[in-house]
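Asker: There's a structure below that I have some questions on.
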Amino acid sequence: MFDGVGDTLNQSLLAPLLVLMMGMLTVFMVWGVVYSVLVRIGFPDILGRLLLLAGVVFVFYQYIMNIETIGELASAWNVKVLAGIVIGQFVVSVILVQLLIGGPSKKQARKKPVQRSGRAAASGKRQAKRNTGAVRADDILLRCSFEELSGAEFERLLTLYFKDQGFAVQEVGVGGRDGGVDLVIKDRRGEKTAVQAKCYAEHNKVGVQIVRELVAAKRNHDCILSMLVTTSDLTRDARREAEQFKVDYWHGGMVESKLRAWGKWQPKGSSAKVGSRA
């Protein structure tokens, strides 16, 4: 007799709980598919999380509203079958989420580094050394080619150049927190120019977004004029944008020519050509 009471009690308690778990897992499975699609077409990650939350809330709300009906039908359900379904759903959910969401990120995490040799490997070592964030002494920078300079060191080199041209220079981009402006230079009349410096390799051209950031950020420094100085070049769209908003720009050989004419910059070797700077 007591065994029968125990079975009835288990049936009445477990069956509704298992039904709730089935609903939640169903939402999770559907969300895995929808979320993976949203991510691939460029929707924000937060949207996928909100969809999951909405699905969970909906299932829980329906469960609460129909709890009496579920309880009444519980006696007709086989708890073992329901438990088997829940376990099966859980396994499928884990596999589905791993394939649709977890798979690409793990594959990228395990991506083997590209092996480089010779000149490329040596350039990579120089790059790693430059990324430490330390800016070397001015006399050292004056003997370095572009490929040996970090972004902060290139800004410092330009600071030395502009000071010798009679400008008052404020270094506002030290540490990478430039917000679109690296230097603010002021001429003898008090006219201020916002300068953005990009020490890039020749193949890495400055995009239109950099120009737009400079145009927007110059107002934060009370600058009327703006200038973009890069060791590479601008993309076609970036050039068009610079001309539209009257952004002066120095690129490639022009930068090298101006610094060599200055006389103080004397890099070792016959060329100041940029190497593998990103």
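Residues in the structure tokens are named by chain (A, B, ... in the order shown) and by number from 1 within that chain; ligands are numbered from 1 in the order shown.
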Give me, as a list in words, all polymer residues having an atom no more than 12 Å from Phe162 (chain A), counting only C-alpha atoms and skipping those fewer than 2 positions away in the same chain.

Answerer: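 My list of contacting residues is Glu155, Arg156, Leu157, Leu158, Thr159, Leu160, Asp164, Gln165, Gly166, Phe167, Ala168, Val169, Gln170, Glu171, Leu183, Val184, Ile185, Lys186, Asp187, Thr193, Val195, Lys258, Leu259 and Trp262 of chain A.
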
Asker: Residues near region 84-86 of chain A, anyone? I mean within 10 Å using only C-alpha atoms, not counting same-chain ones fewer than 2 positions away, as a ChimeraX atom specification.

Answerer: /A:18-26,79-82,88-92

Asker: Separation of CA of Gly173 (chain A) and CA of Lys268 (chain A), in Å?

Answerer: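 Distance reported for this atom pair: 27.0 Å.
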
Asker: DSSP on the backbone: which residues in region 142-272 of chain A end up as strand (DSSP E or B)? Give the answer as number ranges by chain.

Answerer: A: 168-171, 183-186, 192-198, 206, 225-230, 234, 248-251

Asker: Do a neighbour search on Gln196 (chain A) at 12 Å with only C-alpha atoms, toss out local chain neighbours closer than 4 positions, and write the hits as JSON, numbers by chain.

Answerer: {"A": [151, 152, 154, 155, 158, 159, 171, 172, 173, 174, 176, 178, 179, 180, 181, 182, 183, 184, 185, 206, 210, 211, 212, 213, 214, 215, 216, 217, 218, 225, 226, 227, 228, 229, 230, 231, 247, 248, 249, 250, 251]}

Asker: Residues at most 8 Å from Lys205 (chain A), counting only C-alpha atoms, excluding those fewer than 6 positions away in the same chain, as a ChimeraX atom specification?

Answerer: /A:232-235

Asker: Provide the CA of Pro267 (chain A) to CA of Glu153 (chain A) distance in Å, to one decimal place.

Answerer: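 Straight-line distance from CA of Pro267 (chain A) to CA of Glu153 (chain A) works out to 13.7 Å.
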
Asker: Between CA of Cys199 (chain A) and CA of Phe245 (chain A), what distance in Å does the model show, to one decimal?

Answerer: 22.3 Å

Asker: Would you please work out which residue, of A:Arg260, A:Glu243, A:Pro16, A:Asp139, is nearest to Asn66 (chain A) when using only C-alpha atoms?

Answerer: A:Pro16
